[in-house]
file target-v7.txt (compact mmCIF, N, CA and C atoms)
# COMPACT_ATOMS: atom_id res chain seq x y z
N MET Z 391 0.84 -1.18 0.00
CA MET Z 391 0.00 0.00 0.00
C MET Z 391 0.88 1.24 0.00
N SER Z 392 0.51 2.17 -0.77
CA SER Z 392 1.25 3.43 -0.85
C SER Z 392 0.31 4.58 -0.53
N ILE Z 393 0.89 5.60 0.07
CA ILE Z 393 0.14 6.82 0.35
C ILE Z 393 0.85 7.94 -0.40
N VAL Z 394 0.10 8.69 -1.17
CA VAL Z 394 0.66 9.80 -1.93
C VAL Z 394 0.21 11.09 -1.26
N ILE Z 395 1.18 11.92 -0.93
CA ILE Z 395 0.88 13.22 -0.33
C ILE Z 395 1.30 14.28 -1.34
N ALA Z 396 0.36 15.13 -1.66
CA ALA Z 396 0.62 16.16 -2.66
C ALA Z 396 1.79 17.05 -2.23
N HIS Z 397 2.59 17.41 -3.19
CA HIS Z 397 3.76 18.26 -2.94
C HIS Z 397 3.35 19.58 -2.27
N GLU Z 398 2.19 20.10 -2.64
CA GLU Z 398 1.71 21.35 -2.06
C GLU Z 398 1.48 21.22 -0.55
N ILE Z 399 1.02 20.06 -0.11
CA ILE Z 399 0.79 19.83 1.32
C ILE Z 399 2.12 19.80 2.06
N ILE Z 400 3.08 19.11 1.50
CA ILE Z 400 4.41 19.04 2.12
C ILE Z 400 5.02 20.44 2.18
N GLN Z 401 4.89 21.19 1.10
CA GLN Z 401 5.42 22.57 1.08
C GLN Z 401 4.72 23.45 2.10
N SER Z 402 3.39 23.33 2.20
CA SER Z 402 2.66 24.20 3.13
C SER Z 402 3.00 23.86 4.58
N ALA Z 403 3.40 22.64 4.83
CA ALA Z 403 3.83 22.25 6.18
C ALA Z 403 5.26 22.70 6.45
N ARG Z 404 5.92 23.19 5.41
CA ARG Z 404 7.33 23.62 5.51
C ARG Z 404 8.21 22.51 6.06
N MET Z 405 8.00 21.33 5.49
CA MET Z 405 8.76 20.14 5.90
C MET Z 405 9.21 19.40 4.66
N THR Z 406 10.26 18.62 4.83
CA THR Z 406 10.65 17.69 3.78
C THR Z 406 9.78 16.45 3.92
N ALA Z 407 9.78 15.62 2.90
CA ALA Z 407 9.03 14.36 2.98
C ALA Z 407 9.54 13.50 4.14
N ALA Z 408 10.85 13.49 4.35
CA ALA Z 408 11.44 12.71 5.44
C ALA Z 408 10.98 13.23 6.79
N GLU Z 409 10.92 14.56 6.94
CA GLU Z 409 10.45 15.15 8.21
C GLU Z 409 8.98 14.81 8.45
N LEU Z 410 8.19 14.83 7.40
CA LEU Z 410 6.78 14.51 7.52
C LEU Z 410 6.60 13.06 7.97
N LEU Z 411 7.38 12.16 7.40
CA LEU Z 411 7.31 10.75 7.81
C LEU Z 411 7.74 10.58 9.27
N GLN Z 412 8.75 11.32 9.69
CA GLN Z 412 9.18 11.25 11.08
C GLN Z 412 8.07 11.73 12.01
N GLU Z 413 7.42 12.82 11.66
CA GLU Z 413 6.35 13.35 12.49
C GLU Z 413 5.17 12.38 12.56
N LEU Z 414 4.86 11.76 11.44
CA LEU Z 414 3.79 10.77 11.41
C LEU Z 414 4.16 9.57 12.30
N ALA Z 415 5.38 9.11 12.18
CA ALA Z 415 5.84 7.99 13.00
C ALA Z 415 5.79 8.33 14.48
N LEU Z 416 6.24 9.54 14.83
CA LEU Z 416 6.19 9.98 16.23
C LEU Z 416 4.76 10.02 16.75
N ALA Z 417 3.87 10.60 15.96
CA ALA Z 417 2.47 10.73 16.39
C ALA Z 417 1.82 9.36 16.57
N LEU Z 418 2.05 8.46 15.63
CA LEU Z 418 1.44 7.12 15.74
C LEU Z 418 2.05 6.33 16.89
N PHE Z 419 3.36 6.50 17.12
CA PHE Z 419 3.99 5.83 18.25
C PHE Z 419 3.45 6.39 19.56
N GLN Z 420 3.34 7.69 19.65
CA GLN Z 420 2.88 8.33 20.88
C GLN Z 420 1.44 7.92 21.21
N ARG Z 421 0.63 7.70 20.19
CA ARG Z 421 -0.75 7.26 20.39
C ARG Z 421 -0.85 5.75 20.55
N GLU Z 422 0.31 5.08 20.60
CA GLU Z 422 0.43 3.63 20.77
C GLU Z 422 -0.25 2.86 19.64
N LYS Z 423 -0.14 3.43 18.42
CA LYS Z 423 -0.66 2.76 17.23
C LYS Z 423 0.44 1.96 16.53
N LEU Z 424 1.70 2.32 16.80
CA LEU Z 424 2.85 1.61 16.22
C LEU Z 424 3.82 1.23 17.31
N THR Z 425 4.49 0.10 17.12
CA THR Z 425 5.59 -0.28 18.01
C THR Z 425 6.81 0.55 17.63
N THR Z 426 7.84 0.50 18.46
CA THR Z 426 9.06 1.22 18.11
C THR Z 426 9.64 0.70 16.80
N GLY Z 427 9.58 -0.61 16.60
CA GLY Z 427 10.12 -1.19 15.37
C GLY Z 427 9.42 -0.68 14.12
N HIS Z 428 8.10 -0.65 14.16
CA HIS Z 428 7.35 -0.16 12.99
C HIS Z 428 7.52 1.35 12.84
N ALA Z 429 7.55 2.06 13.95
CA ALA Z 429 7.68 3.52 13.88
C ALA Z 429 9.03 3.93 13.31
N ASN Z 430 10.10 3.26 13.74
CA ASN Z 430 11.41 3.64 13.20
C ASN Z 430 11.51 3.30 11.72
N ARG Z 431 10.85 2.23 11.28
CA ARG Z 431 10.86 1.91 9.85
C ARG Z 431 10.10 2.97 9.06
N LEU Z 432 8.94 3.40 9.58
CA LEU Z 432 8.17 4.45 8.91
C LEU Z 432 8.97 5.74 8.84
N ALA Z 433 9.70 6.04 9.90
CA ALA Z 433 10.49 7.27 9.96
C ALA Z 433 11.76 7.18 9.12
N GLY Z 434 12.09 5.99 8.64
CA GLY Z 434 13.31 5.82 7.85
C GLY Z 434 14.56 5.96 8.69
N MET Z 435 14.47 5.52 9.94
CA MET Z 435 15.57 5.68 10.89
C MET Z 435 15.92 4.33 11.51
N SER Z 436 17.12 4.24 12.04
CA SER Z 436 17.47 3.06 12.82
C SER Z 436 16.72 3.11 14.14
N GLN Z 437 16.66 1.99 14.82
CA GLN Z 437 16.01 1.94 16.13
C GLN Z 437 16.66 2.96 17.08
N TRP Z 438 17.99 3.01 17.06
CA TRP Z 438 18.73 3.92 17.92
C TRP Z 438 18.39 5.38 17.60
N GLN Z 439 18.38 5.73 16.32
CA GLN Z 439 18.07 7.10 15.92
C GLN Z 439 16.66 7.49 16.34
N PHE Z 440 15.72 6.56 16.17
CA PHE Z 440 14.34 6.86 16.53
C PHE Z 440 14.21 7.05 18.04
N GLN Z 441 14.90 6.23 18.81
CA GLN Z 441 14.86 6.39 20.26
C GLN Z 441 15.48 7.71 20.68
N GLN Z 442 16.53 8.14 19.99
CA GLN Z 442 17.12 9.45 20.26
C GLN Z 442 16.13 10.56 19.95
N LEU Z 443 15.40 10.42 18.84
CA LEU Z 443 14.38 11.40 18.48
C LEU Z 443 13.28 11.44 19.54
N LEU Z 444 12.85 10.29 20.00
CA LEU Z 444 11.85 10.24 21.08
C LEU Z 444 12.36 10.99 22.31
N GLY Z 445 13.60 10.73 22.68
CA GLY Z 445 14.18 11.39 23.84
C GLY Z 445 14.26 12.90 23.67
N SER Z 446 14.61 13.33 22.47
CA SER Z 446 14.73 14.78 22.23
C SER Z 446 13.37 15.48 22.32
N ARG Z 447 12.30 14.72 22.15
CA ARG Z 447 10.94 15.27 22.24
C ARG Z 447 10.28 14.96 23.58
N ASP Z 448 11.03 14.34 24.48
CA ASP Z 448 10.50 13.92 25.79
C ASP Z 448 9.29 13.00 25.66
N ILE Z 449 9.34 12.12 24.67
CA ILE Z 449 8.29 11.13 24.47
C ILE Z 449 8.78 9.82 25.09
N PRO Z 450 8.07 9.31 26.11
CA PRO Z 450 8.53 8.08 26.75
C PRO Z 450 8.38 6.87 25.83
N ILE Z 451 9.28 5.93 26.01
CA ILE Z 451 9.20 4.69 25.25
C ILE Z 451 8.25 3.76 25.98
N HIS Z 452 7.19 3.37 25.30
CA HIS Z 452 6.27 2.38 25.85
C HIS Z 452 6.56 1.07 25.13
N TYR Z 453 7.00 0.12 25.88
CA TYR Z 453 7.40 -1.15 25.27
C TYR Z 453 6.98 -2.25 26.22
N ASP Z 454 5.93 -2.96 25.84
CA ASP Z 454 5.43 -4.03 26.69
C ASP Z 454 5.55 -5.37 25.97
N ILE Z 455 5.00 -6.39 26.55
CA ILE Z 455 5.08 -7.74 25.98
C ILE Z 455 4.49 -7.77 24.57
N GLU Z 456 3.37 -7.09 24.37
CA GLU Z 456 2.76 -7.08 23.03
C GLU Z 456 3.69 -6.44 22.01
N ASP Z 457 4.36 -5.35 22.39
CA ASP Z 457 5.32 -4.72 21.49
C ASP Z 457 6.47 -5.68 21.17
N PHE Z 458 6.95 -6.35 22.20
CA PHE Z 458 8.04 -7.30 22.03
C PHE Z 458 7.64 -8.41 21.07
N GLU Z 459 6.45 -8.97 21.28
CA GLU Z 459 5.97 -10.04 20.40
C GLU Z 459 5.77 -9.55 18.97
N ALA Z 460 5.26 -8.33 18.82
CA ALA Z 460 5.09 -7.76 17.47
C ALA Z 460 6.43 -7.57 16.80
N ASP Z 461 7.43 -7.11 17.55
CA ASP Z 461 8.76 -6.93 16.97
C ASP Z 461 9.37 -8.28 16.60
N LEU Z 462 9.12 -9.31 17.40
CA LEU Z 462 9.60 -10.66 17.05
C LEU Z 462 8.96 -11.13 15.75
N ARG Z 463 7.65 -10.90 15.60
CA ARG Z 463 6.98 -11.29 14.36
C ARG Z 463 7.56 -10.52 13.16
N THR Z 464 7.81 -9.23 13.35
CA THR Z 464 8.40 -8.42 12.28
C THR Z 464 9.78 -8.96 11.92
N LEU Z 465 10.56 -9.30 12.92
CA LEU Z 465 11.88 -9.87 12.68
C LEU Z 465 11.78 -11.18 11.93
N GLU Z 466 10.86 -12.02 12.34
CA GLU Z 466 10.67 -13.31 11.66
C GLU Z 466 10.29 -13.10 10.19
N MET Z 467 9.39 -12.13 9.93
CA MET Z 467 8.98 -11.86 8.55
C MET Z 467 10.14 -11.30 7.74
N SER Z 468 10.95 -10.45 8.35
CA SER Z 468 12.05 -9.82 7.61
C SER Z 468 13.14 -10.83 7.28
N ARG Z 469 13.20 -11.90 8.04
CA ARG Z 469 14.20 -12.93 7.76
C ARG Z 469 13.80 -13.73 6.53
N GLY Z 470 12.52 -13.70 6.19
CA GLY Z 470 12.01 -14.31 4.97
C GLY Z 470 12.37 -15.76 4.82
N SER Z 471 12.77 -16.12 3.63
CA SER Z 471 13.06 -17.51 3.31
C SER Z 471 14.30 -18.04 4.01
N GLU Z 472 15.14 -17.14 4.50
CA GLU Z 472 16.33 -17.58 5.23
C GLU Z 472 15.95 -18.37 6.47
N SER Z 473 14.80 -18.02 7.06
CA SER Z 473 14.42 -18.65 8.31
C SER Z 473 13.48 -19.84 8.12
N ALA Z 474 13.28 -20.26 6.88
CA ALA Z 474 12.38 -21.39 6.64
C ALA Z 474 12.84 -22.60 7.44
N GLY Z 475 11.94 -23.11 8.24
CA GLY Z 475 12.25 -24.28 9.05
C GLY Z 475 12.96 -23.98 10.35
N LYS Z 476 13.33 -22.75 10.57
CA LYS Z 476 14.01 -22.36 11.81
C LYS Z 476 13.00 -21.69 12.72
N GLU Z 477 13.27 -21.78 14.01
CA GLU Z 477 12.35 -21.17 14.97
C GLU Z 477 13.08 -20.15 15.80
N LEU Z 478 12.44 -19.03 16.05
CA LEU Z 478 13.01 -17.97 16.89
C LEU Z 478 12.32 -18.08 18.24
N SER Z 479 13.13 -18.18 19.29
CA SER Z 479 12.53 -18.29 20.61
C SER Z 479 13.24 -17.35 21.56
N CYS Z 480 12.52 -17.01 22.60
CA CYS Z 480 13.06 -16.10 23.60
C CYS Z 480 12.36 -16.38 24.92
N LYS Z 481 13.11 -16.36 26.00
CA LYS Z 481 12.53 -16.55 27.32
C LYS Z 481 12.38 -15.19 27.99
N LEU Z 482 11.25 -14.98 28.61
CA LEU Z 482 11.00 -13.77 29.35
C LEU Z 482 11.10 -14.08 30.83
N PHE Z 483 11.76 -13.22 31.57
CA PHE Z 483 11.91 -13.43 33.01
C PHE Z 483 11.09 -12.44 33.77
call {"tool": "encode", "arguments": {"input": "target-v7.txt", "output": "structure tokens"}}
result
Amino acid sequence: MSIVIAHEIIQSARMTAAELLQELALALFQREKLTTGHANRLAGMSQWQFQQLLGSRDIPIHYDIEDFEADLRTLEMSRGSESAGKELSCKLF
């Protein structure tokens, strides 16, 4: 799925496309609609960079078991055919 945002909207916001994606990722993360993993991908940033951005905005990181499990699923999907027949496991304490 693709979303097209008119150039005029980006210009009127006085932002680059990358800045707009970062703001969208921040807003969705803050509203707990995206995990950190999905939000940093939307923002086009590494996990570390996104966490730094969160810190610079004083946005707390909310990361619970559901987020962890969602990130594991994302990791499993990103491994694609390489992980065929392999299992990813993790113990929680």
call {"tool": "closest_residue", "arguments": {"input": "target-v7.txt", "among": "Z:Thr425, Z:Gln441, Z:Asn430, Z:Ser436", "to": "Z:Asp461", "atoms": "only N, CA and C atoms"}}
result
Z:Thr425
call {"tool": "atom_distance", "arguments": {"input": "target-v7.txt", "atom1": "atom CA of Z:Leu416", "atom2": "atom CA of Z:Ala429"}}
result
7.0 Å
call {"tool": "atom_distance", "arguments": {"input": "target-v7.txt", "atom1": "atom C of Z:Glu422", "atom2": "atom N of Z:Ile455"}}
result
12.7 Å
call {"tool": "select_by_dssp", "arguments": {"input": "target-v7.txt", "residues": "chain Z", "states": "alpha helix (DSSP H)", "output": "compact mmCIF listing (two decimals) with N, CA and C atoms, keeping the file's coordinate frame"}}
result
# COMPACT_ATOMS: atom_id res chain seq x y z
N HIS Z 397 2.59 17.41 -3.19
CA HIS Z 397 3.76 18.26 -2.94
C HIS Z 397 3.35 19.58 -2.27
N GLU Z 398 2.19 20.10 -2.64
CA GLU Z 398 1.71 21.35 -2.06
C GLU Z 398 1.48 21.22 -0.55
N ILE Z 399 1.02 20.06 -0.11
CA ILE Z 399 0.79 19.83 1.32
C ILE Z 399 2.12 19.80 2.06
N ILE Z 400 3.08 19.11 1.50
CA ILE Z 400 4.41 19.04 2.12
C ILE Z 400 5.02 20.44 2.18
N GLN Z 401 4.89 21.19 1.10
CA GLN Z 401 5.42 22.57 1.08
C GLN Z 401 4.72 23.45 2.10
N SER Z 402 3.39 23.33 2.20
CA SER Z 402 2.66 24.20 3.13
C SER Z 402 3.00 23.86 4.58
N ALA Z 407 9.78 15.62 2.90
CA ALA Z 407 9.03 14.36 2.98
C ALA Z 407 9.54 13.50 4.14
N ALA Z 408 10.85 13.49 4.35
CA ALA Z 408 11.44 12.71 5.44
C ALA Z 408 10.98 13.23 6.79
N GLU Z 409 10.92 14.56 6.94
CA GLU Z 409 10.45 15.15 8.21
C GLU Z 409 8.98 14.81 8.45
N LEU Z 410 8.19 14.83 7.40
CA LEU Z 410 6.78 14.51 7.52
C LEU Z 410 6.60 13.06 7.97
N LEU Z 411 7.38 12.16 7.40
CA LEU Z 411 7.31 10.75 7.81
C LEU Z 411 7.74 10.58 9.27
N GLN Z 412 8.75 11.32 9.69
CA GLN Z 412 9.18 11.25 11.08
C GLN Z 412 8.07 11.73 12.01
N GLU Z 413 7.42 12.82 11.66
CA GLU Z 413 6.35 13.35 12.49
C GLU Z 413 5.17 12.38 12.56
N LEU Z 414 4.86 11.76 11.44
CA LEU Z 414 3.79 10.77 11.41
C LEU Z 414 4.16 9.57 12.30
N ALA Z 415 5.38 9.11 12.18
CA ALA Z 415 5.84 7.99 13.00
C ALA Z 415 5.79 8.33 14.48
N LEU Z 416 6.24 9.54 14.83
CA LEU Z 416 6.19 9.98 16.23
C LEU Z 416 4.76 10.02 16.75
N ALA Z 417 3.87 10.60 15.96
CA ALA Z 417 2.47 10.73 16.39
C ALA Z 417 1.82 9.36 16.57
N LEU Z 418 2.05 8.46 15.63
CA LEU Z 418 1.44 7.12 15.74
C LEU Z 418 2.05 6.33 16.89
N PHE Z 419 3.36 6.50 17.12
CA PHE Z 419 3.99 5.83 18.25
C PHE Z 419 3.45 6.39 19.56
N GLN Z 420 3.34 7.69 19.65
CA GLN Z 420 2.88 8.33 20.88
C GLN Z 420 1.44 7.92 21.21
N THR Z 426 7.84 0.50 18.46
CA THR Z 426 9.06 1.22 18.11
C THR Z 426 9.64 0.70 16.80
N GLY Z 427 9.58 -0.61 16.60
CA GLY Z 427 10.12 -1.19 15.37
C GLY Z 427 9.42 -0.68 14.12
N HIS Z 428 8.10 -0.65 14.16
CA HIS Z 428 7.35 -0.16 12.99
C HIS Z 428 7.52 1.35 12.84
N ALA Z 429 7.55 2.06 13.95
CA ALA Z 429 7.68 3.52 13.88
C ALA Z 429 9.03 3.93 13.31
N ASN Z 430 10.10 3.26 13.74
CA ASN Z 430 11.41 3.64 13.20
C ASN Z 430 11.51 3.30 11.72
N ARG Z 431 10.85 2.23 11.28
CA ARG Z 431 10.86 1.91 9.85
C ARG Z 431 10.10 2.97 9.06
N LEU Z 432 8.94 3.40 9.58
CA LEU Z 432 8.17 4.45 8.91
C LEU Z 432 8.97 5.74 8.84
N ALA Z 433 9.70 6.04 9.90
CA ALA Z 433 10.49 7.27 9.96
C ALA Z 433 11.76 7.18 9.12
N GLN Z 437 16.66 1.99 14.82
CA GLN Z 437 16.01 1.94 16.13
C GLN Z 437 16.66 2.96 17.08
N TRP Z 438 17.99 3.01 17.06
CA TRP Z 438 18.73 3.92 17.92
C TRP Z 438 18.39 5.38 17.60
N GLN Z 439 18.38 5.73 16.32
CA GLN Z 439 18.07 7.10 15.92
C GLN Z 439 16.66 7.49 16.34
N PHE Z 440 15.72 6.56 16.17
CA PHE Z 440 14.34 6.86 16.53
C PHE Z 440 14.21 7.05 18.04
N GLN Z 441 14.90 6.23 18.81
CA GLN Z 441 14.86 6.39 20.26
C GLN Z 441 15.48 7.71 20.68
N GLN Z 442 16.53 8.14 19.99
CA GLN Z 442 17.12 9.45 20.26
C GLN Z 442 16.13 10.56 19.95
N LEU Z 443 15.40 10.42 18.84
CA LEU Z 443 14.38 11.40 18.48
C LEU Z 443 13.28 11.44 19.54
N LEU Z 444 12.85 10.29 20.00
CA LEU Z 444 11.85 10.24 21.08
C LEU Z 444 12.36 10.99 22.31
N GLY Z 445 13.60 10.73 22.68
CA GLY Z 445 14.18 11.39 23.84
C GLY Z 445 14.26 12.90 23.67
N SER Z 446 14.61 13.33 22.47
CA SER Z 446 14.73 14.78 22.23
C SER Z 446 13.37 15.48 22.32
N ILE Z 455 5.00 -6.39 26.55
CA ILE Z 455 5.08 -7.74 25.98
C ILE Z 455 4.49 -7.77 24.57
N GLU Z 456 3.37 -7.09 24.37
CA GLU Z 456 2.76 -7.08 23.03
C GLU Z 456 3.69 -6.44 22.01
N ASP Z 457 4.36 -5.35 22.39
CA ASP Z 457 5.32 -4.72 21.49
C ASP Z 457 6.47 -5.68 21.17
N PHE Z 458 6.95 -6.35 22.20
CA PHE Z 458 8.04 -7.30 22.03
C PHE Z 458 7.64 -8.41 21.07
N GLU Z 459 6.45 -8.97 21.28
CA GLU Z 459 5.97 -10.04 20.40
C GLU Z 459 5.77 -9.55 18.97
N ALA Z 460 5.26 -8.33 18.82
CA ALA Z 460 5.09 -7.76 17.47
C ALA Z 460 6.43 -7.57 16.80
N ASP Z 461 7.43 -7.11 17.55
CA ASP Z 461 8.76 -6.93 16.97
C ASP Z 461 9.37 -8.28 16.60
N LEU Z 462 9.12 -9.31 17.40
CA LEU Z 462 9.60 -10.66 17.05
C LEU Z 462 8.96 -11.13 15.75
N ARG Z 463 7.65 -10.90 15.60
CA ARG Z 463 6.98 -11.29 14.36
C ARG Z 463 7.56 -10.52 13.16
N THR Z 464 7.81 -9.23 13.35
CA THR Z 464 8.40 -8.42 12.28
C THR Z 464 9.78 -8.96 11.92
N LEU Z 465 10.56 -9.30 12.92
CA LEU Z 465 11.88 -9.87 12.68
C LEU Z 465 11.78 -11.18 11.93
N GLU Z 466 10.86 -12.02 12.34
CA GLU Z 466 10.67 -13.31 11.66
C GLU Z 466 10.29 -13.10 10.19
N MET Z 467 9.39 -12.13 9.93
CA MET Z 467 8.98 -11.86 8.55
C MET Z 467 10.14 -11.30 7.74
N SER Z 468 10.95 -10.45 8.35
CA SER Z 468 12.05 -9.82 7.61
C SER Z 468 13.14 -10.83 7.28
N ARG Z 469 13.20 -11.90 8.04
CA ARG Z 469 14.20 -12.93 7.76
C ARG Z 469 13.80 -13.73 6.53
call {"tool": "atom_distance", "arguments": {"input": "target-v7.txt", "atom1": "atom C of Z:Gln420", "atom2": "atom C of Z:Arg404"}}
result
22.1 Å
call {"tool": "axis_aligned_box", "arguments": {"input": "target-v7.txt", "around": "stretch 428-446 of chain Z", "padding_each_side": "4 Å", "output": "AutoDock Vina command-line options"}}
result
--center_x 13.0 --center_y 7.4 --center_z 15.8 --size_x 19.4 --size_y 24.1 --size_z 24.0
call {"tool": "closest_residue", "arguments": {"input": "target-v7.txt", "among": "Z:Leu424, Z:Ile395, Z:Leu462, Z:Leu432", "to": "Z:Leu411", "atoms": "only N, CA and C atoms"}}
result
Z:Leu432
